[in-house]
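As provided, work_18.txt (compact mmCIF, C-alpha atoms) reads as follows.
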```txt
# COMPACT_ATOMS: atom_id res chain seq x y z
CA MET G 1245 39.63 30.72 -36.43
CA ASP G 1246 35.99 30.22 -35.68
CA ILE G 1247 34.40 29.75 -32.29
CA SER G 1248 34.40 25.94 -32.32
CA ALA G 1249 38.15 25.86 -32.94
CA LEU G 1250 38.68 28.20 -30.01
CA ILE G 1251 36.53 26.03 -27.73
CA ALA G 1252 38.40 22.95 -28.95
CA LEU G 1253 41.74 24.60 -28.20
CA ILE G 1254 40.75 25.42 -24.61
CA ILE G 1255 39.20 22.01 -23.96
CA VAL G 1256 42.18 20.14 -25.41
CA PHE G 1257 44.53 22.17 -23.22
CA ILE G 1258 42.48 21.33 -20.10
CA MET G 1259 42.27 17.67 -21.12
CA LEU G 1260 45.99 17.16 -21.73
CA SER G 1261 47.05 19.00 -18.59
CA SER G 1262 44.70 16.92 -16.44
CA ALA G 1263 46.02 13.79 -18.17
CA LEU G 1264 49.50 14.76 -17.00
CA CYS G 1265 48.03 15.41 -13.54
CA VAL G 1266 46.72 11.83 -13.43
CA LEU G 1267 50.23 10.51 -13.87
CA PHE G 1268 52.06 12.80 -11.49
CA LEU G 1269 49.76 13.96 -8.65
CA PRO G 1270 50.81 12.33 -5.37
CA ASN G 1271 47.28 12.14 -3.95
CA MET G 1272 45.15 9.35 -5.40
CA ILE G 1273 41.79 11.09 -4.91
CA ALA G 1274 43.09 14.00 -6.97
CA ALA G 1275 44.27 11.59 -9.66
CA VAL G 1276 40.83 9.98 -9.92
CA MET G 1277 39.24 13.45 -10.06
CA ALA G 1278 41.60 14.42 -12.88
CA SER G 1279 40.59 11.31 -14.84
CA SER G 1280 36.98 12.35 -14.34
CA VAL G 1281 37.87 15.79 -15.73
CA ILE G 1282 39.27 14.03 -18.82
CA SER G 1283 35.96 12.22 -19.32
CA LEU G 1284 33.93 15.40 -18.94
CA SER G 1285 36.04 17.37 -21.40
CA LEU G 1286 35.77 14.42 -23.78
CA THR G 1287 31.99 14.82 -23.47
CA ILE G 1288 32.21 18.43 -24.65
CA ILE G 1289 34.45 17.40 -27.54
CA PHE G 1290 31.99 14.70 -28.64
CA ALA G 1291 29.18 17.25 -28.57
CA LEU G 1292 31.38 19.55 -30.66
CA LEU G 1293 31.96 16.75 -33.15
CA LYS G 1294 28.19 16.35 -33.74
CA ALA G 1295 28.01 13.03 -31.94
CA PRO G 1296 25.37 13.69 -29.25
CA ASP G 1297 24.64 10.03 -28.50
CA VAL G 1298 28.31 9.31 -27.78
CA ALA G 1299 28.47 12.45 -25.64
CA MET G 1300 25.50 11.33 -23.54
CA THR G 1301 26.95 7.85 -23.05
CA GLU G 1302 30.37 9.22 -22.13
CA ALA G 1303 28.85 11.62 -19.58
CA ALA G 1304 26.64 8.99 -17.96
CA ILE G 1305 28.86 5.92 -18.06
CA GLY G 1306 32.41 7.12 -18.61
CA ALA G 1307 32.37 10.05 -16.21
CA GLY G 1308 29.65 8.95 -13.80
CA LEU G 1309 29.89 5.19 -13.38
CA GLY G 1310 33.62 4.95 -14.07
CA SER G 1311 34.55 7.55 -11.49
CA LEU G 1312 32.16 5.94 -9.00
CA ILE G 1313 33.84 2.55 -9.49
CA LEU G 1314 37.29 4.09 -9.08
CA ALA G 1315 36.23 5.93 -5.91
CA ILE G 1316 34.87 2.71 -4.37
CA GLY G 1317 38.16 1.05 -5.29
CA LEU G 1318 40.06 3.88 -3.57
CA LYS G 1319 38.11 3.16 -0.41
CA ARG G 1320 39.07 -0.51 -0.58
CA LEU G 1321 42.73 0.23 -1.30
CA ASN G 1322 43.10 2.53 1.75
CA TYR G 1323 43.91 5.46 -0.51
CA PHE G 1324 40.87 7.41 0.67
CA ASN G 1325 42.65 10.04 2.77
CA ILE G 1326 42.80 13.65 1.74
CA GLU G 1327 46.06 14.69 3.41
CA SER G 1328 48.30 11.98 2.02
CA HIS G 1329 51.39 13.13 0.16
CA GLN G 1330 52.67 9.67 -0.55
CA SER G 1331 54.64 9.23 -3.71
CA ASN G 1332 54.41 6.09 -5.78
CA VAL G 1333 58.08 6.32 -6.68
CA SER G 1334 59.41 5.06 -3.38
CA GLY G 1335 57.02 2.14 -3.33
CA THR G 1336 55.36 3.06 -0.07
CA ASP G 1337 51.63 3.30 0.28
CA PRO G 1338 49.49 4.41 3.20
CA GLY G 1339 47.90 1.01 3.59
CA GLN G 1340 50.93 -0.39 5.33
CA MET K 222 53.10 38.84 -36.49
CA THR K 223 50.05 39.29 -38.67
CA HIS K 224 51.44 36.69 -41.01
CA PHE K 225 51.67 34.26 -38.11
CA ALA K 226 48.09 35.03 -37.06
CA ASN K 227 46.98 34.52 -40.64
CA TYR K 228 48.76 31.18 -40.71
CA LEU K 229 47.04 30.15 -37.47
CA THR K 230 43.58 31.07 -38.64
CA THR K 231 44.05 29.27 -41.92
CA TYR K 232 45.55 26.01 -40.76
CA LEU K 233 44.57 25.59 -37.11
CA THR K 234 41.16 24.09 -37.74
CA THR K 235 39.04 22.22 -35.21
CA GLU K 236 40.00 18.88 -36.67
CA ILE K 237 43.74 19.47 -36.35
CA ILE K 238 43.42 20.68 -32.75
CA LEU K 239 41.34 17.65 -31.82
CA TYR K 240 43.72 15.25 -33.57
CA THR K 241 46.49 16.80 -31.47
CA GLY K 242 44.42 16.15 -28.37
CA ALA K 243 43.72 12.54 -29.30
CA ILE K 244 47.35 11.77 -30.09
CA GLY K 245 48.39 13.56 -26.89
CA LEU K 246 46.06 11.37 -24.83
CA LEU K 247 47.39 8.25 -26.53
CA VAL K 248 51.00 9.28 -25.89
CA ILE K 249 50.38 10.19 -22.23
CA GLY K 250 48.50 6.95 -21.60
CA LEU K 251 51.23 4.86 -23.20
CA LEU K 252 53.89 6.74 -21.22
CA GLY K 253 52.04 6.00 -18.00
CA LEU K 254 51.64 2.33 -18.89
CA LEU K 255 55.36 2.06 -19.57
CA VAL K 256 56.99 3.98 -16.74
CA LEU K 257 54.72 3.86 -13.68
CA LYS K 258 55.17 1.40 -10.82
CA ASN K 259 51.90 1.67 -8.89
CA ILE K 260 49.34 -0.69 -10.42
CA PHE K 261 46.38 1.54 -9.57
CA ARG K 262 48.02 4.32 -11.55
CA LEU K 263 48.53 1.83 -14.37
CA LEU K 264 44.76 1.37 -14.41
CA LEU K 265 44.27 5.14 -14.58
CA SER K 266 46.65 5.48 -17.51
CA LEU K 267 44.83 2.60 -19.24
CA VAL K 268 41.65 4.67 -18.92
CA ILE K 269 43.46 7.65 -20.51
CA PHE K 270 44.67 5.45 -23.36
CA GLU K 271 41.12 4.23 -23.94
CA SER K 272 39.77 7.78 -24.04
CA GLY K 273 42.36 8.74 -26.63
CA ALA K 274 41.43 5.79 -28.83
CA ASN K 275 37.72 6.68 -28.57
CA LEU K 276 38.37 10.29 -29.52
CA PHE K 277 40.51 9.19 -32.45
CA LEU K 278 37.76 6.89 -33.74
CA VAL K 279 35.05 9.53 -33.54
CA LEU K 280 37.35 12.05 -35.25
CA SER K 281 37.89 9.64 -38.13
CA GLY K 282 34.20 9.87 -39.00
CA PHE K 283 34.01 13.65 -38.76
CA ARG K 284 33.24 15.85 -41.74
CA ALA K 285 33.79 19.56 -41.76
CA ASN K 286 30.23 20.76 -42.40
CA GLY K 287 28.37 17.63 -41.43
CA ILE K 288 25.30 17.37 -39.28
CA ALA K 289 24.58 14.83 -36.56
CA PRO K 290 23.73 11.43 -38.09
CA ILE K 291 19.97 11.67 -37.62
CA LEU K 292 17.72 11.29 -40.64
CA THR K 293 16.15 14.75 -40.91
CA SER K 294 16.29 15.21 -44.66
CA THR K 295 13.36 15.20 -47.03
CA GLN K 296 13.44 14.32 -50.69
CA GLU K 297 14.34 17.85 -51.79
CA ASN K 298 17.39 18.58 -49.63
CA MET K 299 18.69 14.98 -49.53
CA SER K 300 21.61 15.71 -51.82
CA GLN K 301 22.81 18.84 -50.03
CA LEU K 302 23.03 17.51 -46.49
CA VAL K 303 26.29 15.96 -45.34
CA MET K 304 26.23 13.62 -42.34
CA ASN K 305 29.03 12.52 -40.08
CA ASP K 306 29.82 8.85 -40.40
CA PRO K 307 27.62 7.00 -37.89
CA VAL K 308 29.58 3.73 -37.91
CA PRO K 309 32.57 4.90 -35.77
CA GLN K 310 30.11 6.58 -33.43
CA ALA K 311 28.23 3.33 -32.87
CA LEU K 312 31.55 1.55 -32.37
CA VAL K 313 32.68 4.09 -29.78
CA LEU K 314 29.30 3.90 -28.04
CA THR K 315 29.95 0.20 -27.47
CA ALA K 316 33.62 0.75 -26.61
CA ILE K 317 32.81 3.19 -23.79
CA VAL K 318 30.57 0.67 -22.06
CA ILE K 319 33.06 -2.15 -22.51
CA GLY K 320 35.79 0.17 -21.23
CA VAL K 321 33.97 0.65 -17.95
CA GLY K 322 33.60 -3.14 -17.71
CA ILE K 323 37.33 -3.60 -18.20
CA GLN K 324 37.97 -0.90 -15.61
CA ALA K 325 35.80 -2.68 -13.04
CA LEU K 326 37.42 -6.07 -13.71
CA ALA K 327 40.95 -4.65 -13.42
CA LEU K 328 40.03 -2.84 -10.23
CA SER K 329 38.67 -6.04 -8.69
CA LEU K 330 41.92 -7.83 -9.55
CA ILE K 331 43.93 -4.97 -8.01
CA ILE K 332 41.84 -5.19 -4.83
CA LYS K 333 42.48 -8.94 -4.61
CA ILE K 334 46.24 -8.36 -5.06
CA TYR K 335 46.17 -5.71 -2.36
CA GLN K 336 44.32 -7.97 0.08
CA ARG K 337 46.85 -10.74 -0.49
CA TYR K 338 50.15 -8.82 -0.56
CA ARG K 339 49.29 -5.48 1.17
CA THR K 340 51.18 -3.46 -1.42
CA LEU K 341 50.58 -1.96 -4.84
CA ASP K 342 54.17 -1.59 -6.02
CA MET K 343 54.93 -3.75 -9.04
CA ASN K 344 58.45 -4.80 -8.03
CA GLU K 345 57.32 -5.62 -4.50
CA ILE K 346 54.45 -7.75 -5.80
CA HIS K 347 56.81 -9.56 -8.16
CA ARG K 348 59.23 -10.30 -5.34
CA LYS K 349 56.53 -11.58 -2.99
CA LEU K 350 54.94 -13.65 -5.74
CA GLU K 351 58.25 -15.33 -6.51
CA GLN K 352 58.73 -15.98 -2.81
CA ASP K 353 55.28 -17.56 -2.63
CA ILE K 354 55.93 -19.80 -5.62
CA ALA K 355 59.24 -20.90 -4.14
CA GLY K 356 57.56 -21.63 -0.83
CA ILE K 357 54.93 -23.81 -2.45
CA SER K 358 57.35 -25.71 -4.66
CA GLN K 359 59.93 -26.18 -1.85
CA SER K 360 62.78 -24.64 -3.81
CA THR K 361 64.93 -21.57 -3.55
CA PRO K 362 63.68 -18.63 -5.59
CA LEU K 363 65.28 -18.21 -8.98
CA ALA K 364 67.74 -15.36 -9.19
CA SER K 365 66.48 -13.25 -12.03
CA GLN K 366 68.98 -11.25 -14.04
CA GLU K 367 66.69 -8.25 -14.01
CA GLN K 368 66.36 -8.03 -10.27
CA PRO K 369 68.51 -5.55 -8.36
CA LEU K 370 71.38 -6.99 -6.38
CA TYR K 371 70.46 -5.60 -2.98
CA LEU K 372 67.71 -8.18 -2.53
CA TYR K 373 70.31 -10.90 -2.42
CA GLN K 374 72.90 -8.94 -0.50
CA LYS K 375 70.49 -8.66 2.40
CA ASN K 376 69.89 -12.39 1.96
CA SER K 377 66.26 -11.90 2.88
CA LEU K 378 64.78 -14.21 0.28
CA VAL K 379 66.88 -17.27 1.08
CA GLN K 380 66.50 -16.89 4.83
CA ASN K 381 62.74 -16.57 4.63
CA ASN K 382 62.51 -19.62 2.46
CA GLU K 383 64.67 -21.72 4.78
CA GLY K 384 62.66 -20.55 7.74
CA GLU K 385 59.51 -21.90 6.15
CA LYS K 386 61.02 -25.30 5.71
```

Rewrite the structure from the file as structure tokens, please.
Amino acid sequence: MDISALIALIIVFIMLSSALCVLFLPNMIAAVMASSVISLSLTIIFALLKAPDVAMTEAAIGAGLGSLILAIGLKRLNYFNIESHQSNVSGTDPGQ
Amino acid sequence: MTHFANYLTTYLTTEIILYTGAIGLLVIGLLGLLVLKNIFRLLLSLVIFESGANLFLVLSGFRANGIAPILTSTQENMSQLVMNDPVPQALVLTAIVIGVGIQALALSLIIKIYQRYRTLDMNEIHRKLEQDIAGISQSTPLASQEQPLYLYQKNSLVQNNEGEK
């Protein structure tokens, strides 16, 4: 196993675990942060796959602009509070 | 144990690990799209699904000892150099930008839904939407077979509708 396979193994583990975090974390800010972590680890994978242009675009637009848009949306949806432990299962949300 | 380590080093290449990651992202995104109730979380799992598809496309153009698709070869070493396929990379470059556009559009629709109904739960939105349609068309809301019974046991829908009349 060479070094790139080792890096890929670690990055894929981080990526999949943060993808599960997006689905199941109760706090919405943490979920958006986890989706940003997915984009950043995807950047490293694209650089590993010898696709530097795709990596630059993913870092600038996917991780930067996408997370910014989602954070602005959180502000509008009244999800922008750090100490909320609301679950989406019961159908309640802090805006009410 | 050494046999197992040997097996790992022989078959666990970068490509196989990354294919596992891409398929894992696709599966997790599809799972989220199917089971979740909050529509903002549906948007997040759509983003995950998109990332998995992008990774899969770039992986399909990957070659084991390839270089980045930039024309650096001269006449002498032209035949020895192997490039990755640049066509899926260009496709993914476009798909990332369009993905952010889709994300922004979906988020704006979610914000409009939230301003109108003050909730993000899918079942709640469906119930209120049906109530709205019934109020506009001056009829009682249709009893869907898929809706849970407690809505009609509390008799909330019919009473609200009659109160509007």

Please identify every residue of chain G that has at least one atom no more than 8 Å from any atom of chain K, counting all atoms listed in the file, and report them as an NGL selection string. :G and (1245 or 1248-1250 or 1252-1253 or 1256-1257 or 1259-1260 or 1263-1264 or 1266-1267 or 1276 or 1279 or 1282-1283 or 1286 or 1290 or 1293-1298 or 1301-1302 or 1305-1306 or 1309-1310 or 1313-1314 or 1317 or 1320-1321 or 1332-1333 or 1335-1337 or 1339-1340)

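Going from atom CA of K:Leu326 over to atom CA of K:Leu278, you cover 23.9 Å.
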
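One distance worth recording is that between atom CA of G:Ile1326 and atom CA of G:Ile1258, which is 23.2 Å.
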
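Put simply, atom CA of G:Leu1269 is 21.1 Å away from atom CA of K:Ala327.
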
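Counting all atoms listed in the file, G:Ala1307 has the following residues at most 8 Å away, ignoring those fewer than 4 positions along the same chain: Ser1280, Val1281, Ser1283, Leu1284, Glu1302, Ala1303 and Ser1311 of chain G.
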
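Between G:Ala1315 and the residues G:Cys1265, G:Ile1247, G:Met1300, G:Met1277, the shortest atom-to-atom distance, using all atoms listed in the file, involves G:Met1277.
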